[in-house]
$ cat start.tsv   # TSV, C-alpha atoms
chain	number	residue	atom	x	y	z
A	7	MET	CA	129.53	65.72	68.31
A	8	ARG	CA	130.08	69.21	69.77
A	9	ARG	CA	131.01	68.34	73.33
A	10	ALA	CA	134.74	69.04	73.60
A	11	ASP	CA	135.85	71.12	76.58
A	12	ASP	CA	137.22	73.94	74.40
A	13	THR	CA	133.97	74.31	72.47
A	14	MET	CA	131.94	74.22	75.67
A	15	LEU	CA	134.04	76.89	77.34
A	16	TYR	CA	133.74	79.18	74.32
A	17	ARG	CA	129.98	78.83	74.26
A	18	ARG	CA	129.70	79.45	77.99
A	19	GLN	CA	131.65	82.70	77.83
A	20	PHE	CA	129.76	83.85	74.74
A	21	VAL	CA	126.34	83.50	76.36
A	22	ILE	CA	127.34	85.18	79.63
A	23	GLY	CA	128.79	88.12	77.75
A	24	ALA	CA	125.74	88.40	75.52
A	25	LEU	CA	123.35	88.52	78.44
A	26	ALA	CA	125.04	91.60	79.80
A	27	THR	CA	123.77	93.55	76.79
A	28	ALA	CA	120.93	91.67	75.12
A	29	ALA	CA	118.92	90.52	78.12
A	30	PHE	CA	118.88	93.95	79.71
A	31	ALA	CA	117.72	95.76	76.57
A	32	ALA	CA	114.32	96.52	78.12
A	33	LYS	CA	115.65	97.31	81.58
A	34	PRO	CA	113.19	99.56	83.45
A	35	LYS	CA	114.01	102.30	85.91
A	36	ALA	CA	116.34	100.89	88.57
A	37	PRO	CA	114.54	100.05	91.83
A	38	THR	CA	115.84	100.61	95.32
A	39	ILE	CA	119.17	98.82	95.88
A	40	TRP	CA	118.31	95.51	97.47
A	41	GLN	CA	121.08	95.63	100.08
A	42	ALA	CA	119.45	98.75	101.56
A	43	ILE	CA	116.14	97.02	102.37
A	44	ALA	CA	115.40	97.18	106.08
A	45	PRO	CA	115.62	93.74	107.78
A	46	ALA	CA	112.03	94.06	108.96
A	47	TYR	CA	110.88	94.29	105.35
A	48	ALA	CA	113.24	91.63	104.05
A	49	ALA	CA	111.79	89.15	106.55
A	50	HIS	CA	108.47	89.26	104.67
A	51	ALA	CA	109.93	87.93	101.44
A	52	SER	CA	109.23	84.28	102.23
A	53	ALA	CA	105.53	85.04	102.79
A	54	TYR	CA	104.62	85.33	99.11
A	55	ASP	CA	102.05	82.78	97.96
A	56	PRO	CA	101.30	82.74	94.20
A	57	ASP	CA	98.01	80.94	94.90
A	58	ALA	CA	96.83	83.49	97.46
A	59	PHE	CA	93.62	85.44	96.92
A	60	PRO	CA	94.34	88.75	98.66
A	61	PHE	CA	90.89	90.35	98.45
A	62	LYS	CA	89.02	88.03	100.77
A	63	ALA	CA	86.96	89.91	103.35
A	64	GLY	CA	88.07	89.38	106.95
A	65	PRO	CA	86.32	90.64	110.09
A	66	LEU	CA	87.51	94.25	109.67
A	67	VAL	CA	86.35	94.53	106.06
A	68	THR	CA	83.08	92.79	106.90
A	69	ALA	CA	82.41	95.26	109.70
A	70	ILE	CA	82.89	98.20	107.32
A	71	ALA	CA	80.69	96.58	104.68
A	72	ASP	CA	77.92	96.07	107.23
A	73	LYS	CA	78.01	99.77	108.13
A	74	ALA	CA	77.96	100.78	104.45
A	75	LYS	CA	74.80	98.89	103.50
A	76	ALA	CA	72.05	101.19	102.23
A	77	ALA	CA	68.81	101.06	100.28
A	78	THR	CA	70.41	101.37	96.82
A	79	GLN	CA	73.74	100.45	95.30
A	80	LEU	CA	74.62	104.09	94.70
A	81	GLU	CA	73.81	105.05	98.30
A	82	THR	CA	75.86	102.06	99.47
A	83	ALA	CA	78.87	103.12	97.38
A	84	LYS	CA	78.63	106.70	98.67
A	85	LYS	CA	78.43	105.47	102.26
A	86	LEU	CA	81.44	103.21	101.74
A	87	HIS	CA	83.44	106.22	100.56
A	88	SER	CA	82.24	108.40	103.46
A	89	LEU	CA	83.29	105.75	105.99
A	90	LEU	CA	86.80	105.21	104.61
A	91	LYS	CA	87.87	108.55	103.08
A	92	VAL	CA	90.86	110.33	104.57
A	93	ASP	CA	88.92	113.03	106.41
A	94	ALA	CA	86.44	110.64	108.06
A	95	SER	CA	86.79	110.10	111.81
A	96	ALA	CA	87.57	106.41	111.31
A	97	GLY	CA	88.88	106.78	107.77
A	98	LEU	CA	92.08	105.46	106.27
A	99	LYS	CA	95.05	107.73	105.74
A	100	ALA	CA	97.40	107.83	102.78
A	101	CYS	CA	100.91	106.79	103.76
A	102	ASP	CA	103.94	105.65	101.78
A	103	SER	CA	102.48	107.68	98.92
A	104	GLY	CA	104.32	109.09	95.94
A	105	GLU	CA	104.47	105.72	94.20
A	106	THR	CA	101.74	103.21	93.52
A	107	ILE	CA	104.11	100.38	94.32
A	108	ARG	CA	106.34	100.63	97.37
A	109	ASP	CA	109.67	98.98	96.66
A	110	ASP	CA	110.81	98.56	100.26
A	111	ARG	CA	108.01	96.31	101.50
A	112	PRO	CA	105.44	93.90	100.09
A	113	PRO	CA	101.81	95.00	99.72
A	114	ARG	CA	99.56	94.84	102.75
A	115	SER	CA	96.34	92.86	102.70
A	116	PRO	CA	93.08	94.83	103.08
A	117	GLU	CA	92.80	93.62	106.66
A	118	GLU	CA	96.35	94.81	107.44
A	119	THR	CA	95.68	98.19	105.83
A	120	ILE	CA	92.58	98.72	107.97
A	121	LYS	CA	94.46	97.62	111.07
A	122	GLN	CA	97.27	100.09	110.26
A	123	ARG	CA	94.66	102.67	109.24
A	124	CYS	CA	96.85	103.76	106.35
A	125	GLY	CA	98.34	102.57	103.10
A	126	ASP	CA	99.56	103.68	99.71
A	127	CYS	CA	97.07	104.24	96.90
A	128	SER	CA	96.97	100.62	95.78
A	129	GLU	CA	96.40	99.32	99.32
A	130	LEU	CA	93.56	101.79	99.83
A	131	ALA	CA	92.14	100.61	96.50
A	132	TYR	CA	92.33	96.98	97.62
A	133	VAL	CA	90.26	97.79	100.71
A	134	VAL	CA	87.60	99.37	98.49
A	135	LEU	CA	87.60	96.41	96.11
A	136	THR	CA	87.25	93.89	98.92
A	137	ALA	CA	84.48	95.80	100.67
A	138	ALA	CA	82.65	96.38	97.37
A	139	LYS	CA	82.79	92.65	96.65
A	140	GLU	CA	81.33	91.95	100.08
A	141	LEU	CA	78.52	94.42	99.30
A	142	GLY	CA	77.76	92.84	95.94
A	143	LEU	CA	79.03	95.84	93.96
A	144	GLU	CA	80.82	95.41	90.63
A	145	SER	CA	84.22	97.02	90.98
A	146	GLY	CA	87.59	97.46	89.34
A	147	THR	CA	90.60	99.74	89.08
A	148	ILE	CA	92.14	102.27	86.72
A	149	THR	CA	95.92	102.50	86.50
A	150	LEU	CA	97.13	106.01	85.74
A	151	ASP	CA	100.41	107.54	84.66
A	152	LEU	CA	100.67	110.95	86.32
A	153	GLY	CA	104.07	111.75	84.84
A	154	ASN	CA	107.38	112.06	86.68
A	155	ASP	CA	107.43	108.25	87.09
A	156	VAL	CA	104.37	108.40	89.38
A	157	ILE	CA	101.73	105.70	88.91
A	158	HIS	CA	98.37	105.87	90.66
A	159	LEU	CA	95.73	103.19	91.20
A	160	LEU	CA	92.09	104.29	91.39
A	161	PRO	CA	89.25	101.98	92.47
A	162	PHE	CA	85.77	102.35	91.03
A	163	VAL	CA	82.36	100.74	91.33
A	164	LYS	CA	80.10	100.24	88.35
A	165	ILE	CA	76.39	100.86	88.85
A	166	GLN	CA	73.88	100.66	85.99
A	167	GLY	CA	76.71	100.93	83.48
A	168	LYS	CA	78.32	104.02	85.02
A	169	LYS	CA	81.66	104.10	86.83
A	170	TYR	CA	82.04	105.97	90.11
A	171	LEU	CA	85.48	106.55	91.58
A	172	ILE	CA	85.97	105.75	95.24
A	173	ASP	CA	89.35	107.36	95.80
A	174	LEU	CA	89.83	107.53	99.56
A	175	GLN	CA	92.37	110.32	99.16
A	176	THR	CA	89.70	112.77	98.07
A	177	LYS	CA	86.77	114.06	100.09
A	178	GLU	CA	84.24	113.97	97.25
A	179	PHE	CA	82.61	110.76	96.05
A	180	GLY	CA	83.12	110.05	92.35
A	181	LYS	CA	86.28	112.10	92.02
A	182	GLY	CA	89.97	111.45	92.45
A	183	ALA	CA	92.78	113.60	93.77
A	184	VAL	CA	96.49	112.89	93.63
A	185	ASP	CA	99.52	114.70	94.96
A	186	THR	CA	102.34	115.14	92.44
A	187	SER	CA	105.57	117.08	92.59
A	188	SER	CA	103.96	119.91	90.62
A	189	GLY	CA	100.94	120.29	92.90
A	190	ARG	CA	97.53	118.74	93.35
A	191	VAL	CA	95.72	117.32	90.34
A	192	ALA	CA	91.96	116.88	90.58
A	193	PHE	CA	89.91	115.05	87.97
A	194	THR	CA	86.77	113.03	87.34
A	195	TYR	CA	86.65	109.76	85.44
A	196	GLU	CA	85.00	111.43	82.44
A	197	SER	CA	87.83	113.97	82.13
A	198	LEU	CA	90.66	111.44	81.97
A	199	GLY	CA	92.54	111.49	78.72
A	200	GLU	CA	91.94	115.16	77.99
A	201	PRO	CA	95.01	117.33	77.25
A	202	GLY	CA	97.00	117.95	80.39
A	203	LYS	CA	95.21	115.20	82.30
A	204	PRO	CA	96.65	111.93	83.66
A	205	LYS	CA	97.04	109.13	81.13
A	206	VAL	CA	95.08	105.91	81.56
A	207	LEU	CA	97.49	102.98	81.24
A	208	TRP	CA	94.91	100.24	81.63
A	209	GLU	CA	91.60	99.45	83.26
A	210	SER	CA	91.02	96.27	85.25
A	211	THR	CA	88.06	94.30	86.50
A	212	PHE	CA	87.97	93.07	90.09
A	213	GLU	CA	89.48	89.74	89.06
A	214	GLN	CA	92.19	91.39	86.95
A	215	SER	CA	93.05	93.78	89.78
A	216	VAL	CA	94.31	90.82	91.78
A	217	GLY	CA	97.16	90.87	89.27
A	218	ASP	CA	98.23	94.29	90.57
A	219	TRP	CA	98.76	92.76	94.02
A	220	HIS	CA	100.99	90.06	92.52
A	221	MET	CA	102.86	92.70	90.50
A	222	GLU	CA	103.59	94.58	93.74
A	223	TRP	CA	105.00	91.42	95.28
A	224	GLY	CA	107.14	90.90	92.20
A	225	THR	CA	108.44	94.47	92.35
A	226	TYR	CA	109.42	94.01	95.99
A	227	LEU	CA	111.04	90.60	95.51
A	228	GLY	CA	112.80	91.71	92.33
A	229	GLN	CA	115.00	94.02	94.37
A	230	PHE	CA	116.89	91.04	95.79
A	231	GLU	CA	119.07	91.01	92.70
A	232	SER	CA	121.78	88.79	94.18
A	233	ASN	CA	119.38	86.21	95.62
A	234	PRO	CA	118.30	83.51	93.13
A	235	ALA	CA	115.49	82.22	95.34
A	236	ARG	CA	113.94	85.68	95.68
A	237	LEU	CA	114.35	86.38	91.97
A	238	LYS	CA	112.50	83.15	91.18
A	239	GLN	CA	109.70	84.30	93.50
A	240	ALA	CA	109.65	87.66	91.73
A	241	ILE	CA	109.39	86.03	88.30
A	242	THR	CA	106.58	83.77	89.58
A	243	ALA	CA	104.75	86.85	90.88
A	244	PHE	CA	105.12	88.72	87.58
A	245	ARG	CA	103.99	85.68	85.63
A	246	LYS	CA	100.92	85.46	87.85
A	247	ALA	CA	100.22	89.17	87.34
A	248	ILE	CA	100.44	88.76	83.56
A	249	GLU	CA	98.20	85.68	83.65
A	250	LEU	CA	95.54	87.51	85.66
A	251	ASN	CA	95.77	90.83	83.83
A	252	PRO	CA	97.14	90.69	80.27
A	253	ALA	CA	96.47	94.44	79.90
A	254	ASP	CA	99.23	95.16	82.44
A	255	THR	CA	102.12	96.53	80.39
A	256	HIS	CA	104.56	96.87	83.29
A	257	SER	CA	104.82	93.29	84.55
A	258	PRO	CA	106.41	91.87	81.36
A	259	GLN	CA	109.25	94.40	81.55
A	260	LYS	CA	109.73	93.81	85.27
A	261	ARG	CA	109.66	90.03	84.73
A	262	ASP	CA	112.35	90.28	82.05
A	263	HIS	CA	114.55	92.43	84.26
A	264	SER	CA	114.38	89.89	87.10
A	265	SER	CA	114.82	87.03	84.62
A	266	ALA	CA	117.98	88.59	83.19
A	267	SER	CA	119.42	89.06	86.67
A	268	LEU	CA	118.61	85.46	87.60
A	269	VAL	CA	119.95	83.97	84.36
A	270	ASN	CA	123.25	85.78	84.77
A	271	ILE	CA	123.61	84.35	88.29
A	272	LEU	CA	122.74	80.84	87.06
A	273	MET	CA	125.22	81.13	84.19
A	274	GLN	CA	128.00	82.11	86.59
A	275	LYS	CA	127.17	79.13	88.79
A	276	ALA	CA	127.08	76.88	85.73
A	277	ALA	CA	130.53	78.13	84.71
A	278	LYS	CA	131.95	77.15	88.10
A	279	ALA	CA	130.29	73.73	87.93
A	280	PHE	CA	131.69	73.26	84.43
A	281	ASP	CA	135.21	74.11	85.58
A	282	LYS	CA	134.87	71.39	88.23
A	283	GLN	CA	133.55	68.98	85.57
A	284	ASP	CA	130.33	68.65	87.56
A	285	TRP	CA	128.43	67.88	84.36
A	286	ALA	CA	125.07	67.05	85.90
A	287	GLY	CA	125.20	70.13	88.13
A	288	ALA	CA	126.16	72.42	85.25
A	289	ALA	CA	123.45	70.96	83.02
A	290	SER	CA	120.83	71.50	85.70
A	291	LEU	CA	121.87	75.15	86.04
A	292	PHE	CA	121.75	75.69	82.27
A	293	GLU	CA	118.29	74.12	82.20
A	294	ASP	CA	117.20	76.32	85.09
A	295	ALA	CA	118.43	79.34	83.12
A	296	LEU	CA	116.38	78.22	80.12
A	297	SER	CA	113.21	77.99	82.20
A	298	TYR	CA	113.66	81.58	83.40
A	299	ALA	CA	115.09	83.13	80.23
A	300	PRO	CA	113.78	86.65	79.55
A	301	SER	CA	111.69	87.28	76.46
A	302	THR	CA	114.40	89.70	75.28
A	303	MET	CA	116.89	86.85	74.82
A	304	SER	CA	117.54	86.06	71.17
A	305	LYS	CA	116.98	82.64	69.62
A	306	ASP	CA	120.71	82.26	69.08
A	307	HIS	CA	121.41	82.85	72.77
A	308	LEU	CA	118.68	80.39	73.76
A	309	ALA	CA	120.18	77.86	71.37
A	310	SER	CA	123.59	78.38	72.97
A	311	LEU	CA	122.08	77.63	76.37
A	312	HIS	CA	120.59	74.43	74.95
A	313	GLU	CA	123.98	73.55	73.41
A	314	ASN	CA	125.70	74.05	76.76
A	315	ALA	CA	123.09	71.93	78.52
A	316	ALA	CA	123.42	69.27	75.81
A	317	ALA	CA	127.20	69.07	76.14
A	318	CYS	CA	126.96	68.68	79.90
A	319	ARG	CA	124.19	66.09	79.70
A	320	TYR	CA	126.22	64.12	77.16
A	321	ASN	CA	129.32	64.23	79.36
A	322	SER	CA	127.22	63.05	82.33
A	323	GLY	CA	126.09	60.03	80.31
A	324	ASP	CA	122.52	61.16	79.59
A	325	HIS	CA	122.72	61.05	75.80
A	326	GLU	CA	118.97	61.21	75.15
A	327	ALA	CA	118.62	64.40	77.22
A	328	ALA	CA	121.56	65.84	75.28
A	329	ALA	CA	119.88	64.99	71.98
A	330	LYS	CA	116.66	66.72	73.06
A	331	HIS	CA	118.57	69.91	73.84
A	332	TYR	CA	120.19	69.82	70.41
A	333	ASP	CA	116.71	69.30	68.92
A	334	GLU	CA	115.54	72.44	70.70
A	335	ALA	CA	118.55	74.39	69.45
A	336	PHE	CA	117.81	73.23	65.90
A	337	GLU	CA	114.12	74.26	66.22
A	338	LEU	CA	115.22	77.71	67.35
A	339	THR	CA	117.84	78.37	64.69
A	340	GLY	CA	117.48	75.82	61.89
A	341	LYS	CA	121.25	75.25	62.00
A	342	LYS	CA	122.22	71.86	60.59
A	343	GLU	CA	125.07	71.48	63.09
A	344	TYR	CA	122.53	71.11	65.91
A	345	LYS	CA	120.55	68.52	63.95
A	346	ASP	CA	123.73	66.56	63.30
A	347	SER	CA	124.74	66.76	66.97
A	348	ALA	CA	121.34	65.41	68.01
A	349	ALA	CA	121.77	62.45	65.66
A	350	ASP	CA	125.29	61.82	66.99
A	351	ALA	CA	124.06	61.87	70.58
A	352	ARG	CA	121.49	59.19	69.80
A	353	LYS	CA	124.02	56.79	68.20
$ encode --input "start.tsv" --output "structure tokens"
Amino acid sequence: MRRADDTMLYRRQFVIGALATAAFAAKPKAPTIWQAIAPAYAAHASAYDPDAFPFKAGPLVTAIADKAKAATQLETAKKLHSLLKVDASAGLKACDSGETIRDDRPPRSPEETIKQRCGDCSELAYVVLTAAKELGLESGTITLDLGNDVIHLLPFVKIQGKKYLIDLQTKEFGKGAVDTSSGRVAFTYESLGEPGKPKVLWESTFEQSVGDWHMEWGTYLGQFESNPARLKQAITAFRKAIELNPADTHSPQKRDHSSASLVNILMQKAAKAFDKQDWAGAASLFEDALSYAPSTMSKDHLASLHENAAACRYNSGDHEAAAKHYDEAFELTGKKEYKDSAADARK
């Protein structure tokens, strides 16, 4: 039965050291340092709700939708753009631009964006989506890579099979315009993908676009890299984004980055609990680490986490729980030693 203190300590140190390299293999561009987040922004962190539906029309969106109603869907879409575009008298302004996802605050709701009368590109897109839904228009978004680490979100409506961009940052209906460090890039939907044009990363329906909102929450919460509670929220947000929009290629990487940060914290806490011979506490932390393990973690490292949890559960007197962890380690690696340890635990 592999439960001796020396064996346990060796395994614990091995996994912590391995995470420092293996779990961060897919680490994306480093976000803003979490300690630098303004207190006013940090206060919003507890407001995340994974079950929230952010694109529900409130009184401000409803009022805009009422003004946009016209005889045909195309006329309605054009009127919606003319009411909200940046050069309209009551239009929305682009602020916090330069990135699709602002790292130093969570995303605003459509109602908040209208109240502030400004937002970044994704927040302006969310207003369009919500108003279009209220008007009975089929809508969605296009996520673009403009180069230089700049991502842009474009809303569109679909009428009789044709997509029409409603980018509030441009004055012309059906077109999009984006500021980049190299100047202004103008394009139409049909021209996307041509040489020298922005690259389409993915296209989302209205329902899938809700995932972008959750991804923004995850990006914000993921900056709290020394706060386990916030990291768990971030991982929940990324998991929700992936569930809603499987085409999103960014959320899995961001989830794994937050997961690796969280697992390292949990492992350090587990090491301290182990040193105090708090077996139940250490086991719980190892199990928590397993539930948040990044997809980049190898099967051997996952098995080591199970072995650590098994040893602690055995020492706490819960032999059946220990055996189940050894079973999991055996399923992951096929190593006979884990199968034998499971049998020993059940004796």
$ atom_distance --input "start.tsv" --atom1 "CA of Leu89 in chain A" --atom2 "CA of Ala71 in chain A"
9.6 Å
$ closest_residue --input "start.tsv" --among "A:Leu143, A:Ala335, A:Leu308, A:Ile165" --to "Leu86 in chain A" --atoms "only C-alpha atoms"
A:Leu143
$ residues_near_point --input "start.tsv" --point "(93.5, 98.4, 105.6)" --cutoff "9 Å" --atoms "only C-alpha atoms" --output "ChimeraX atom specification"
/A:66-67,98,114-125,129-130,132-133
$ residues_around --input "start.tsv" --residues "range 292-304 of chain A" --least-positions-apart "3" --cutoff "6 Å" --atoms "all atoms listed in the file" --output "PyMOL selection string"
chain A and resi 29+262+265-266+269+289+307+315
$ atom_distance --input "start.tsv" --atom1 "CA of Lys177 in chain A" --atom2 "CA of Cys101 in chain A"
16.3 Å
$ residues_around --input "start.tsv" --residues "Lys246 in chain A" --least-positions-apart "6" --cutoff "8 Å" --atoms "all atoms listed in the file" --output "list in words"
Pro56, Gly217, His220 and Met221 of chain A
$ atom_distance --input "start.tsv" --atom1 "CA of Leu174 in chain A" --atom2 "CA of Asp93 in chain A"
8.8 Å
$ closest_residue --input "start.tsv" --among "A:Lys168, A:Lys205, A:Ala277, A:Ala100" --to "Leu152 in chain A" --atoms "all atoms listed in the file"
A:Lys205
$ closest_residue --input "start.tsv" --among "A:Gly180, A:Gly340, A:Pro258, A:Gly228" --to "Lys85 in chain A" --atoms "only C-alpha atoms"
A:Gly180
$ closest_residue --input "start.tsv" --among "A:Ser347, A:Thr147, A:Asn233, A:Asn314" --to "Ser290 in chain A" --atoms "only C-alpha atoms"
A:Asn314
$ closest_residue --input "start.tsv" --among "A:Thr176, A:Phe336, A:Thr242, A:Leu135" --to "Lys164 in chain A" --atoms "all atoms listed in the file"
A:Leu135
$ residues_around --input "start.tsv" --residues "Thr136 in chain A" --least-positions-apart "5" --cutoff "7 Å" --atoms "all atoms listed in the file" --output "PyMOL selection string"
chain A and resi 61-63
$ residues_around --input "start.tsv" --residues "Ala327 in chain A" --least-positions-apart "3" --cutoff "9 Å" --atoms "only C-alpha atoms" --output "VMD selection string"
chain A and resid 315 to 316 319 to 320 324 330 to 332 351
$ closest_residue --input "start.tsv" --among "A:Pro252, A:Ser267, A:Ser322, A:Asp306" --to "Gln283 in chain A" --atoms "all atoms listed in the file"
A:Ser322
